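Enquirer: Before I ask anything, let me first share the structure, which is written out below as structure tokens.
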Amino acid sequence: MMGLQAFVAVASLGSLTRAARQLCRTQGAVSRQIQQLEQFYQQVLFHRTPSGMSMTPYAERLYTVASKALGDLNSFFSTSQQQPDRIRLRLPSTFALRWFLPRLDAIQQCLPGIQLEISTTVIDRPEFGSGDFDTMIARGNGQWEGLRAAQLFPEQLTPMCSAELSLDLQVPADMAHYRLIHANGSQQEWQSWWQTYAVDPMPEQHLFFDSLDAAVNAATQGYGIALADPRLFQDQLSQGTLVMPFPQWHSGEYGYYLVTPASSADLPKLHLLAKTLHALV
């Protein structure tokens, strides 16, 4: 390899001195490498002339092959050292399991040359202080200071329960004797739905979980009635393990947003991600 580099440099520059300077080697080292090549090929490669080093006919043929080989090797090395472009994306855990992962292959196909690194969180609000992700999908009202938020879809909530439990539910008042299941420590979502569609007071029995996925799983197992967006639970609904007993959907103030710090929101790769996600909604 070093001998071919020396040969190509001398052939290109026509001088041992200039070749040594370009390669950061001594002139003696370059001369020895040329001699070793001549011994290997059993051919004279250069003639010394008043104007410098002149290639022999054999050397001219060798130069064509050697310069291309070295160029290909340099190109291969540069390509192999390049790190793939990446997007570090953080997702709410339920959203990741129920909406994002079933679409992951389609999303990745729309992001050629970009590596997606996915992490999950149970925290809805976007916090970028740690610096370990570039963008995230967050549930909220889309108003976060210093951040740019693009809505994927508004949240629409409706009661969900097991098929067996749904047989006893004809109108919202029938839920009075069952537990209401919450995906966090707040009753806000259920209170909003109840005030809109029910007349009687809310049931007094409640179950609280730390994620929407856990809350809906509990409903699937017959422990009560959860409130969720059907778009996140299409598999269970189509299989019949989860049922929507009422047609009423409540559109609250929240939705799912792709959120990015304003300082990096205009990066082309993040624009492409946003376009891809919107196309799959």
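Naming works like this for the structure tokens: A, B, ... for the chains as they're shown, residue 1 at the start of each chain, ligands 1 onward in shown order.
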Within 9 Å of stretch 45-49 of chain A, counting only C-alpha atoms, which residues qualify if same-chain residues fewer than 5 places away don't, as a list in words?

Expert: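 Within the cut-off, the hits are Phe7, Ala11, Ile34, Gln35, Leu37, Glu38, Ser54, Met55, Thr56, Pro57, Tyr58, Ala59, Glu60 and Leu62 of chain A.
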
Enquirer: Let me see the file: selected residues, all heavy atoms, as an mmCIF file, in the first residue's frame.

Expert:
data_model
loop_
_atom_site.group_PDB
_atom_site.id
_atom_site.type_symbol
_atom_site.label_atom_id
_atom_site.label_comp_id
_atom_site.auth_asym_id
_atom_site.auth_seq_id
_atom_site.Cartn_x
_atom_site.Cartn_y
_atom_site.Cartn_z
ATOM 1 N N PHE A 7 4.649 5.400 -5.418
ATOM 2 C CA PHE A 7 4.729 5.327 -6.876
ATOM 3 C C PHE A 7 3.787 6.342 -7.526
ATOM 4 O O PHE A 7 4.174 7.094 -8.428
ATOM 5 C CB PHE A 7 4.395 3.910 -7.345
ATOM 6 C CG PHE A 7 4.114 3.816 -8.810
ATOM 7 C CD1 PHE A 7 5.155 3.928 -9.742
ATOM 8 C CD2 PHE A 7 2.824 3.631 -9.287
ATOM 9 C CE1 PHE A 7 4.894 3.856 -11.105
ATOM 10 C CE2 PHE A 7 2.569 3.549 -10.640
ATOM 11 C CZ PHE A 7 3.617 3.664 -11.553
ATOM 12 N N ALA A 11 4.886 9.562 -9.764
ATOM 13 C CA ALA A 11 4.401 9.611 -11.142
ATOM 14 C C ALA A 11 3.585 10.878 -11.390
ATOM 15 O O ALA A 11 3.674 11.490 -12.464
ATOM 16 C CB ALA A 11 3.564 8.372 -11.438
ATOM 17 N N ILE A 34 10.053 2.845 -4.036
ATOM 18 C CA ILE A 34 10.033 2.682 -5.484
ATOM 19 C C ILE A 34 10.910 1.500 -5.900
ATOM 20 O O ILE A 34 10.536 0.673 -6.747
ATOM 21 C CB ILE A 34 10.506 3.974 -6.179
ATOM 22 C CG1 ILE A 34 9.537 5.122 -5.902
ATOM 23 C CG2 ILE A 34 10.646 3.752 -7.690
ATOM 24 C CD1 ILE A 34 8.137 4.912 -6.402
ATOM 25 N N GLN A 35 12.100 1.394 -5.282
ATOM 26 C CA GLN A 35 13.002 0.284 -5.586
ATOM 27 C C GLN A 35 12.363 -1.055 -5.249
ATOM 28 O O GLN A 35 12.509 -2.042 -5.986
ATOM 29 C CB GLN A 35 14.316 0.449 -4.810
ATOM 30 C CG GLN A 35 15.172 1.613 -5.284
ATOM 31 C CD GLN A 35 16.365 1.853 -4.388
ATOM 32 O OE1 GLN A 35 16.639 1.087 -3.453
ATOM 33 N NE2 GLN A 35 17.082 2.951 -4.652
ATOM 34 N N LEU A 37 9.177 -1.761 -5.281
ATOM 35 C CA LEU A 37 8.181 -2.040 -6.317
ATOM 36 C C LEU A 37 8.854 -2.553 -7.595
ATOM 37 O O LEU A 37 8.352 -3.478 -8.245
ATOM 38 C CB LEU A 37 7.377 -0.774 -6.638
ATOM 39 C CG LEU A 37 6.164 -0.454 -5.768
ATOM 40 C CD1 LEU A 37 5.469 0.787 -6.311
ATOM 41 C CD2 LEU A 37 5.173 -1.610 -5.719
ATOM 42 N N GLU A 38 9.971 -1.944 -7.954
ATOM 43 C CA GLU A 38 10.679 -2.393 -9.159
ATOM 44 C C GLU A 38 11.158 -3.833 -9.005
ATOM 45 O O GLU A 38 11.100 -4.628 -9.942
ATOM 46 C CB GLU A 38 11.846 -1.452 -9.444
ATOM 47 C CG GLU A 38 11.396 -0.071 -9.924
ATOM 48 C CD GLU A 38 12.552 0.871 -10.182
ATOM 49 O OE1 GLU A 38 13.600 0.727 -9.511
ATOM 50 O OE2 GLU A 38 12.412 1.763 -11.050
ATOM 51 N N SER A 54 10.740 10.393 -15.025
ATOM 52 C CA SER A 54 9.899 10.089 -16.181
ATOM 53 C C SER A 54 9.493 8.623 -16.146
ATOM 54 O O SER A 54 10.331 7.736 -15.956
ATOM 55 C CB SER A 54 10.664 10.394 -17.476
ATOM 56 O OG SER A 54 9.914 9.974 -18.602
ATOM 57 N N MET A 55 8.177 8.357 -16.306
ATOM 58 C CA MET A 55 7.685 6.985 -16.248
ATOM 59 C C MET A 55 8.087 6.197 -17.488
ATOM 60 O O MET A 55 8.083 6.731 -18.604
ATOM 61 C CB MET A 55 6.155 6.963 -16.118
ATOM 62 C CG MET A 55 5.612 7.297 -14.760
ATOM 63 S SD MET A 55 3.819 6.995 -14.635
ATOM 64 C CE MET A 55 3.185 8.330 -15.632
ATOM 65 N N THR A 56 8.379 4.918 -17.281
ATOM 66 C CA THR A 56 8.589 4.000 -18.395
ATOM 67 C C THR A 56 7.221 3.569 -18.929
ATOM 68 O O THR A 56 6.186 3.759 -18.264
ATOM 69 C CB THR A 56 9.360 2.760 -17.932
ATOM 70 O OG1 THR A 56 8.549 2.050 -16.983
ATOM 71 C CG2 THR A 56 10.691 3.144 -17.289
ATOM 72 N N PRO A 57 7.167 2.959 -20.115
ATOM 73 C CA PRO A 57 5.868 2.472 -20.635
ATOM 74 C C PRO A 57 5.173 1.526 -19.661
ATOM 75 O O PRO A 57 3.946 1.569 -19.513
ATOM 76 C CB PRO A 57 6.260 1.781 -21.939
ATOM 77 C CG PRO A 57 7.481 2.513 -22.384
ATOM 78 C CD PRO A 57 8.241 2.834 -21.122
ATOM 79 N N TYR A 58 5.934 0.649 -18.998
ATOM 80 C CA TYR A 58 5.340 -0.260 -18.013
ATOM 81 C C TYR A 58 4.727 0.537 -16.862
ATOM 82 O O TYR A 58 3.619 0.240 -16.390
ATOM 83 C CB TYR A 58 6.391 -1.242 -17.489
ATOM 84 C CG TYR A 58 5.813 -2.290 -16.546
ATOM 85 C CD1 TYR A 58 5.339 -3.506 -17.043
ATOM 86 C CD2 TYR A 58 5.728 -2.055 -15.179
ATOM 87 C CE1 TYR A 58 4.791 -4.458 -16.194
ATOM 88 C CE2 TYR A 58 5.197 -3.010 -14.321
ATOM 89 C CZ TYR A 58 4.735 -4.198 -14.825
ATOM 90 O OH TYR A 58 4.201 -5.143 -13.983
ATOM 91 N N ALA A 59 5.455 1.558 -16.397
ATOM 92 C CA ALA A 59 4.971 2.366 -15.281
ATOM 93 C C ALA A 59 3.688 3.106 -15.648
ATOM 94 O O ALA A 59 2.805 3.296 -14.803
ATOM 95 C CB ALA A 59 6.041 3.355 -14.842
ATOM 96 N N GLU A 60 3.563 3.534 -16.889
ATOM 97 C CA GLU A 60 2.351 4.231 -17.312
ATOM 98 C C GLU A 60 1.124 3.319 -17.197
ATOM 99 O O GLU A 60 0.047 3.758 -16.768
ATOM 100 C CB GLU A 60 2.519 4.722 -18.756
ATOM 101 C CG GLU A 60 3.519 5.873 -18.885
ATOM 102 C CD GLU A 60 3.741 6.292 -20.321
ATOM 103 O OE1 GLU A 60 3.214 5.599 -21.233
ATOM 104 O OE2 GLU A 60 4.431 7.307 -20.534
ATOM 105 N N LEU A 62 0.953 0.714 -15.156
ATOM 106 C CA LEU A 62 0.772 0.482 -13.724
ATOM 107 C C LEU A 62 0.097 1.677 -13.059
ATOM 108 O O LEU A 62 -0.745 1.519 -12.164
ATOM 109 C CB LEU A 62 2.116 0.195 -13.065
ATOM 110 C CG LEU A 62 2.097 -0.010 -11.547
ATOM 111 C CD1 LEU A 62 1.210 -1.203 -11.166
ATOM 112 C CD2 LEU A 62 3.515 -0.208 -11.010
#

Enquirer: Listing only residues of stretch 204-262 of chain A within 8 Å of stretch 188-195 of chain A, what is the closest atom pair and its distance in Å (to one decimal) for each, using only C-alpha atoms, sorted by chain and residue number ascending, as a Markdown table?

Expert:
| residue | atom | partner | partner_atom | distance |
| --- | --- | --- | --- | --- |
| A:Leu227 | CA | A:Trp190 | CA | 6.9 |
| A:His250 | CA | A:Trp193 | CA | 6.0 |
| A:Gly252 | CA | A:Ser192 | CA | 7.9 |

Enquirer: Kindly export the residues of the current selection with C-alpha atoms, as a CSV table (one decimal), in the first residue's frame.

Expert:
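Done, and the output landed in result.csv:
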chain,number,residue,atom,x,y,z
A,227,LEU,CA,-61.4,6.3,28.6
A,250,HIS,CA,-65.3,13.5,23.4
A,252,GLY,CA,-60.9,17.6,24.5

Enquirer: Please report, as a PyMOL selection string, each residue of stretch 42-271 of chain A to which DSSP assigns helix (DSSP H, G or I) when run on this structure's backbone.

Expert: chain A and resi 57-81+93-109+163-166+172-177+188-197+212-220+230-232+234-239+268-271

Enquirer: Determine, counting only C-alpha atoms, which protein, DNA and RNA residues have an atom within 6 Å of an atom of stretch 149-162 of chain A; residues of the same chain fewer than 5 positions away are not included. Present the result as a short mmCIF file (atom, residue, chain, number, x, y, z; two decimals) with N, CA and C atoms, in the first residue's frame.

Expert:
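File written: selection15.cif
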data_model
loop_
_atom_site.label_atom_id
_atom_site.label_comp_id
_atom_site.auth_asym_id
_atom_site.auth_seq_id
_atom_site.Cartn_x
_atom_site.Cartn_y
_atom_site.Cartn_z
N GLY A 142 -50.29 21.63 22.82
CA GLY A 142 -49.43 22.17 21.77
C GLY A 142 -48.78 23.49 22.10
N ALA A 219 -59.09 -2.57 31.78
CA ALA A 219 -60.46 -2.59 31.26
C ALA A 219 -60.70 -3.84 30.43
N THR A 220 -59.72 -4.24 29.65
CA THR A 220 -59.84 -5.45 28.84
C THR A 220 -60.09 -6.67 29.70
N GLY A 222 -61.71 -6.70 32.44
CA GLY A 222 -62.99 -6.63 33.12
C GLY A 222 -62.98 -5.92 34.45
N ILE A 225 -64.02 0.45 33.46
CA ILE A 225 -64.20 1.11 32.17
C ILE A 225 -63.13 2.19 32.04
N ALA A 226 -62.37 2.13 30.97
CA ALA A 226 -61.32 3.12 30.71
C ALA A 226 -61.80 4.11 29.66
N LEU A 227 -61.12 5.25 29.61
CA LEU A 227 -61.41 6.27 28.62
C LEU A 227 -60.17 6.44 27.75
N ALA A 228 -60.31 6.23 26.43
CA ALA A 228 -59.13 6.25 25.57
C ALA A 228 -59.50 6.61 24.15
N ASP A 229 -58.47 6.88 23.35
CA ASP A 229 -58.65 7.19 21.93
C ASP A 229 -58.60 5.89 21.14
N LEU A 242 -61.76 -5.70 23.32
CA LEU A 242 -62.07 -4.38 23.85
C LEU A 242 -63.27 -3.86 23.06
N VAL A 243 -64.20 -3.22 23.76
CA VAL A 243 -65.45 -2.79 23.13
C VAL A 243 -65.71 -1.33 23.50
N MET A 244 -66.27 -0.57 22.54
CA MET A 244 -66.75 0.78 22.81
C MET A 244 -68.27 0.71 22.98
N TRP A 249 -68.01 10.31 21.33
CA TRP A 249 -66.58 10.60 21.39
C TRP A 249 -66.40 12.02 21.90
N HIS A 250 -65.53 12.18 22.86
CA HIS A 250 -65.28 13.51 23.43
C HIS A 250 -63.97 14.07 22.91
N SER A 251 -64.02 15.20 22.24
CA SER A 251 -62.80 15.87 21.77
C SER A 251 -62.42 16.93 22.79
N TYR A 254 -56.69 18.37 24.27
CA TYR A 254 -55.39 17.77 24.04
C TYR A 254 -55.33 17.07 22.69
N GLY A 255 -54.09 16.85 22.26
CA GLY A 255 -53.82 16.10 21.05
C GLY A 255 -52.42 15.55 21.12
N TYR A 256 -51.99 14.88 20.07
CA TYR A 256 -50.62 14.37 19.99
C TYR A 256 -49.83 15.23 19.01
N TYR A 257 -48.67 15.69 19.47
CA TYR A 257 -47.86 16.64 18.72
C TYR A 257 -46.43 16.12 18.56
N LEU A 258 -45.84 16.42 17.41
CA LEU A 258 -44.39 16.25 17.24
C LEU A 258 -43.76 17.55 17.70
N VAL A 259 -42.95 17.46 18.74
CA VAL A 259 -42.42 18.66 19.40
C VAL A 259 -40.90 18.70 19.25
N HIS A 278 -47.33 12.64 9.41
CA HIS A 278 -48.64 13.18 9.01
C HIS A 278 -49.27 12.32 7.91
#

Enquirer: As a ChimeraX atom specification, please: all residues of stretch 192-263 of chain A that backbone DSSP puts in strand (DSSP E or B).

Expert: /A:206-208,225-228,243,250-261

Enquirer: Just want the 7 Å neighbourhood of stretch 89-100 of chain A, counted on only C-alpha atoms, with same-chain residues fewer than 5 positions away dropped. Output as a PyMOL selection string.

Expert: chain A and resi 116-124+133-138+212-213+232-233

Enquirer: Might you pull out every residue within 10 Å of A:Gln36, with only C-alpha atoms counted and same-chain residues fewer than 6 positions away left off, and present them as a PDB file with N, CA, C and O atoms, in the first residue's frame?

Expert:
ATOM      1  N   GLY A   3       4.009   1.475  -0.836  1.00  0.00           N
ATOM      2  CA  GLY A   3       4.793   1.497  -2.063  1.00  0.00           C
ATOM      3  C   GLY A   3       3.995   2.057  -3.223  1.00  0.00           C
ATOM      4  O   GLY A   3       4.492   2.870  -4.017  1.00  0.00           O
ATOM      5  N   VAL A  30      10.935   7.247   0.259  1.00  0.00           N
ATOM      6  CA  VAL A  30      10.181   7.147  -0.995  1.00  0.00           C
ATOM      7  C   VAL A  30      11.010   6.421  -2.049  1.00  0.00           C
ATOM      8  O   VAL A  30      10.508   5.558  -2.779  1.00  0.00           O
ATOM      9  N   GLN A  42       9.798  -6.628 -11.227  1.00  0.00           N
ATOM     10  CA  GLN A  42      10.916  -6.937 -12.122  1.00  0.00           C
ATOM     11  C   GLN A  42      10.899  -6.026 -13.359  1.00  0.00           C
ATOM     12  O   GLN A  42      11.105  -6.468 -14.499  1.00  0.00           O
TER      13      GLN A  42
END

Enquirer: With distances taken over only C-alpha atoms, which of A:Leu270, A:Lys68, A:Glu253, A:Arg125 is nearest to A:Asn141?

Expert: A:Glu253

Enquirer: Need to verify the contact set: A:Ala215, 10 Å, only C-alpha atoms, exclusion of same-chain residues closer than 6 positions in sequence. Can you return it as a VMD selection string?

Expert: chain A and resid 180 to 184 207 to 209 223 to 228

Enquirer: Within 9 Å of A:Glu204, counting only C-alpha atoms, which residues qualify if same-chain residues fewer than 6 places away don't, as a PyMOL selection string?

Expert: chain A and resi 176-180

Enquirer: Interatomic distance between atom CA of A:Ala66 and atom CA of A:Leu4?

Expert: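 Atom-to-atom, atom CA of A:Ala66 to atom CA of A:Leu4, that is 6.6 Å.
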